[in-house]
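Peer 1: Hey, dropping upload_18.cif in here, mmCIF, C-alpha atoms:
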```
data_entry
loop_
_atom_site.group_PDB
_atom_site.id
_atom_site.type_symbol
_atom_site.label_atom_id
_atom_site.label_comp_id
_atom_site.auth_asym_id
_atom_site.auth_seq_id
_atom_site.Cartn_x
_atom_site.Cartn_y
_atom_site.Cartn_z
ATOM 1 C CA MET A 1 0.000 0.000 0.000
ATOM 2 C CA THR A 2 1.337 3.394 -0.949
ATOM 3 C CA THR A 3 0.739 6.481 1.164
ATOM 4 C CA TYR A 4 0.634 9.833 -0.579
ATOM 5 C CA LEU A 5 1.317 13.070 1.232
ATOM 6 C CA PRO A 6 1.109 16.489 -0.382
ATOM 7 C CA PRO A 7 4.572 18.046 -0.943
ATOM 8 C CA ASP A 8 4.041 20.807 1.620
ATOM 9 C CA VAL A 9 3.027 18.296 4.311
ATOM 10 C CA GLN A 10 6.032 16.083 3.484
ATOM 11 C CA ALA A 11 8.345 19.121 3.656
ATOM 12 C CA GLY A 12 6.877 20.064 7.049
ATOM 13 C CA LEU A 13 7.397 16.543 8.387
ATOM 14 C CA ASP A 14 10.992 16.480 7.123
ATOM 15 C CA GLU A 15 11.721 19.854 8.731
ATOM 16 C CA ALA A 16 10.180 18.732 12.052
ATOM 17 C CA ARG A 17 12.296 15.553 11.981
ATOM 18 C CA LYS A 18 15.480 17.562 11.345
ATOM 19 C CA ARG A 19 14.606 20.025 14.115
ATOM 20 C CA ALA A 20 14.031 17.176 16.602
ATOM 21 C CA VAL A 21 17.369 15.583 15.703
ATOM 22 C CA ARG A 22 19.188 18.924 16.051
ATOM 23 C CA GLN A 23 17.714 19.552 19.488
ATOM 24 C CA SER A 24 18.466 16.060 20.786
ATOM 25 C CA ARG A 25 22.107 16.037 19.651
ATOM 26 C CA ARG A 26 24.931 17.799 21.395
ATOM 27 C CA LEU A 27 27.709 16.756 19.015
ATOM 28 C CA ARG A 28 29.382 19.637 17.198
ATOM 29 C CA VAL A 29 32.263 20.004 14.802
ATOM 30 C CA HIS A 30 34.553 23.019 15.197
ATOM 31 C CA ALA A 31 36.520 24.144 12.150
ATOM 32 C CA GLY A 32 38.522 27.211 13.126
ATOM 33 C CA GLU A 33 36.083 29.754 14.584
ATOM 34 C CA ASP A 34 32.972 28.075 13.118
ATOM 35 C CA ALA A 35 30.876 25.384 14.816
ATOM 36 C CA TYR A 36 28.471 23.038 13.017
ATOM 37 C CA PRO A 37 25.911 20.684 14.607
ATOM 38 C CA VAL A 38 26.213 16.969 13.822
ATOM 39 C CA LEU A 39 22.957 15.214 12.910
ATOM 40 C CA ARG A 40 24.176 11.663 13.459
ATOM 41 C CA ALA A 41 27.449 9.872 14.006
ATOM 42 C CA TRP A 42 28.729 6.317 13.524
ATOM 43 C CA GLU A 43 32.020 4.442 13.853
ATOM 44 C CA GLY A 44 33.703 5.774 10.701
ATOM 45 C CA GLY A 45 32.091 9.178 10.253
ATOM 46 C CA PHE A 46 29.211 11.561 10.817
ATOM 47 C CA ALA A 47 26.529 13.517 8.936
ATOM 48 C CA MET A 48 25.602 17.195 8.979
ATOM 49 C CA GLU A 49 23.051 19.387 7.187
ATOM 50 C CA ALA A 50 24.248 20.072 3.666
ATOM 51 C CA GLY A 51 23.263 23.748 3.614
ATOM 52 C CA LYS A 52 24.985 24.638 6.879
ATOM 53 C CA ALA A 53 28.246 22.752 6.606
ATOM 54 C CA GLY A 54 29.242 23.126 2.994
ATOM 55 C CA HIS A 55 32.132 20.901 2.032
ATOM 56 C CA LEU A 56 34.382 20.836 5.081
ATOM 57 C CA ARG A 57 37.651 18.975 4.891
ATOM 58 C CA GLY A 58 40.845 18.821 6.817
ATOM 59 C CA LEU A 59 41.515 18.908 10.536
ATOM 60 C CA VAL A 60 38.517 19.637 12.785
ATOM 61 C CA ASP A 61 37.646 19.205 16.465
ATOM 62 C CA LEU A 62 34.701 17.081 17.628
ATOM 63 C CA TYR A 63 32.832 18.176 20.781
ATOM 64 C CA ASP A 64 30.016 16.676 22.850
ATOM 65 C CA GLY A 65 28.528 19.752 24.471
ATOM 66 C CA THR A 66 31.557 21.414 26.063
ATOM 67 C CA LYS A 67 33.652 18.232 26.303
ATOM 68 C CA HIS A 68 36.386 17.991 23.681
ATOM 69 C CA LEU A 69 36.274 14.446 22.305
ATOM 70 C CA SER A 70 38.861 14.309 19.526
ATOM 71 C CA HIS A 71 40.834 15.898 16.715
ATOM 72 C CA CYS A 72 39.689 14.455 13.385
ATOM 73 C CA LEU A 73 40.906 14.514 9.804
ATOM 74 C CA ILE A 74 37.761 14.451 7.654
ATOM 75 C CA VAL A 75 36.790 14.241 3.999
ATOM 76 C CA ALA A 76 33.283 14.824 2.593
ATOM 77 C CA SER A 77 32.094 11.586 1.012
ATOM 78 C CA GLU A 78 28.557 12.082 -0.319
ATOM 79 C CA GLU A 79 25.504 14.291 -0.183
ATOM 80 C CA GLU A 80 22.069 12.708 -0.007
ATOM 81 C CA GLY A 81 18.666 13.645 1.390
ATOM 82 C CA GLY A 82 19.670 17.121 2.542
ATOM 83 C CA GLU A 83 22.653 15.928 4.554
ATOM 84 C CA ILE A 84 26.303 15.545 3.777
ATOM 85 C CA ARG A 85 28.314 12.609 5.085
ATOM 86 C CA PHE A 86 31.916 12.845 6.201
ATOM 87 C CA GLU A 87 34.464 10.068 6.560
ATOM 88 C CA LEU A 88 36.962 10.096 9.411
ATOM 89 C CA LYS A 89 40.441 9.457 8.035
ATOM 90 C CA ARG A 90 42.261 9.923 11.349
ATOM 91 C CA VAL A 91 40.965 10.313 14.905
ATOM 92 C CA THR A 92 43.136 11.411 17.822
ATOM 93 C CA PRO A 93 41.365 11.325 21.199
ATOM 94 C CA ALA A 94 41.622 14.557 23.191
ATOM 95 C CA SER A 95 43.275 14.373 26.594
ATOM 96 C CA ASP A 96 42.984 16.592 29.664
ATOM 97 C CA GLU A 97 46.627 16.157 30.640
ATOM 98 C CA ALA A 98 49.925 16.554 28.848
ATOM 99 C CA PRO A 99 51.608 13.391 27.570
ATOM 100 C CA VAL A 100 54.669 12.124 29.429
ATOM 101 C CA ASP A 101 57.598 10.134 28.074
ATOM 102 C CA PHE A 102 58.115 8.014 31.196
ATOM 103 C CA GLU A 103 56.085 5.620 33.316
ATOM 104 C CA ARG A 104 54.598 7.116 36.455
ATOM 105 C CA ASP A 105 54.773 5.049 39.606
ATOM 106 C CA PRO A 106 51.221 4.497 40.903
ATOM 107 C CA GLN A 107 52.568 4.456 44.494
ATOM 108 C CA ALA A 108 54.421 7.774 44.190
ATOM 109 C CA PRO A 109 53.386 10.556 46.565
ATOM 110 C CA VAL A 110 51.103 13.228 45.164
ATOM 111 C CA ALA A 111 52.976 16.065 46.876
ATOM 112 C CA LEU A 112 55.955 16.588 49.181
ATOM 113 C CA ILE A 113 55.792 18.467 52.476
ATOM 114 C CA GLY A 114 58.799 20.724 52.973
ATOM 115 C CA ARG A 115 60.693 21.318 56.238
ATOM 116 C CA ASP A 116 60.966 24.816 57.606
#
```
Could you spell out this file's structure in structure tokens?
Peer 2:
Amino acid sequence: MTTYLPPDVQAGLDEARKRAVRQSRRLRVHAGEDAYPVLRAWEGGFAMEAGKAGHLRGLVDLYDGTKHLSHCLIVASEEEGGEIRFELKRVTPASDEAPVDFERDPQAPVALIGRD
């Protein structure tokens, strides 16, 4: 059975679906000073609205709200259904602390108390 909806009703439903997805997602991509909302994400990439993102490529930062998740090297792969899909070529997880080039002893003291 085929259901027919007038074009204006279908466009309204599509817009409402996109708005609901945008409000429920907190993922964002930062490219320089610009930030773009992510519609959906999967293991090897993510999708954004085609009109807002344009054709991003290169090194970007991926955020979940205010938490910095990773640095990503991305390439736009295809545009379909009003969204553009990006492939992740390289993902480097973001860290809160600086990397060290030695092993830290788990039993080491956190701080030293000086003598006066």
Peer 1: Which residues would end up in the selection if the PyMOL selection byres ((chain A and resi 85) around 8) were applied here, given that I need the answer as a PDB file with C-alpha atoms, in the coordinates of the input?
Peer 2:
```pdb
ATOM      1  CA  GLY A  45      32.091   9.178  10.253  1.00  0.00           C
ATOM      2  CA  PHE A  46      29.211  11.561  10.817  1.00  0.00           C
ATOM      3  CA  ALA A  47      26.529  13.517   8.936  1.00  0.00           C
ATOM      4  CA  MET A  48      25.602  17.195   8.979  1.00  0.00           C
ATOM      5  CA  ALA A  76      33.283  14.824   2.593  1.00  0.00           C
ATOM      6  CA  SER A  77      32.094  11.586   1.012  1.00  0.00           C
ATOM      7  CA  GLU A  78      28.557  12.082  -0.319  1.00  0.00           C
ATOM      8  CA  GLU A  79      25.504  14.291  -0.183  1.00  0.00           C
ATOM      9  CA  GLU A  83      22.653  15.928   4.554  1.00  0.00           C
ATOM     10  CA  ILE A  84      26.303  15.545   3.777  1.00  0.00           C
ATOM     11  CA  PHE A  86      31.916  12.845   6.201  1.00  0.00           C
ATOM     12  CA  GLU A  87      34.464  10.068   6.560  1.00  0.00           C
TER      13      GLU A  87
END
```
Peer 1: By how many Å are CA of Val38 (chain A) and CA of Ser70 (chain A) apart?
Peer 2: 14.1 Å
Peer 1: Name the closest residue to His68 (chain A) among the candidates A:Pro37, A:Glu103, A:Asp96, A:Ala108; distances are taken between atoms, counting only C-alpha atoms.
Peer 2: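 When distances to His68 (chain A) are compared using only C-alpha atoms, the smallest one comes from A:Asp96.
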Peer 1: Suppose you want the space between CA of Thr66 (chain A) and CA of Gly82 (chain A); what is it in Å?
Peer 2: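 Going from CA of Thr66 (chain A) over to CA of Gly82 (chain A) covers 26.7 Å.
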Peer 1: Once the PyMOL selection byres ((chain A and resi 95) around 12) is applied to the coordinates I shared, what remains selected? I want it as a PDB file with C-alpha atoms, in the coordinates of the input.
Peer 2:
```pdb
ATOM      1  CA  LYS A  67      33.652  18.232  26.303  1.00  0.00           C
ATOM      2  CA  HIS A  68      36.386  17.991  23.681  1.00  0.00           C
ATOM      3  CA  LEU A  69      36.274  14.446  22.305  1.00  0.00           C
ATOM      4  CA  SER A  70      38.861  14.309  19.526  1.00  0.00           C
ATOM      5  CA  HIS A  71      40.834  15.898  16.715  1.00  0.00           C
ATOM      6  CA  THR A  92      43.136  11.411  17.822  1.00  0.00           C
ATOM      7  CA  PRO A  93      41.365  11.325  21.199  1.00  0.00           C
ATOM      8  CA  ALA A  94      41.622  14.557  23.191  1.00  0.00           C
ATOM      9  CA  ASP A  96      42.984  16.592  29.664  1.00  0.00           C
ATOM     10  CA  GLU A  97      46.627  16.157  30.640  1.00  0.00           C
ATOM     11  CA  ALA A  98      49.925  16.554  28.848  1.00  0.00           C
ATOM     12  CA  PRO A  99      51.608  13.391  27.570  1.00  0.00           C
ATOM     13  CA  VAL A 100      54.669  12.124  29.429  1.00  0.00           C
TER      14      VAL A 100
END
```
Peer 1: So the first atom is CA of Gly81 (chain A) and the second is CA of Val29 (chain A); what is the distance between them in Å, to one decimal place?
Peer 2: 20.1 Å
Peer 1: Could you put an axis-aligned box around every listed atom of region 86-90 of chain A, padded by 5 Å on each side, and send me its centre and edge lengths in Å to one decimal, as JSON?
Peer 2:
```
{"center_x": 37.1, "center_y": 11.2, "center_z": 8.8, "size_x": 20.3, "size_y": 13.4, "size_z": 15.1}
```
Peer 1: Using only C-alpha atoms, which of A:Cys72, A:Ile113, A:Ala11, A:Leu5 sits nearest His30 (chain A)?
Peer 2: A:Cys72
Peer 1: Under the rule that only C-alpha atoms are counted, which of A:Arg19, A:Glu49, A:Val9, A:Asp61 is the nearest residue to Gly32 (chain A)?
Peer 2: A:Asp61
Peer 1: Which residues would end up in the selection if the PyMOL selection byres ((chain A and resi 27) around 6) were applied here, given that I need the answer as JSON, numbers by chain?
Peer 2: {"A": [25, 26, 28, 38, 63, 64]}
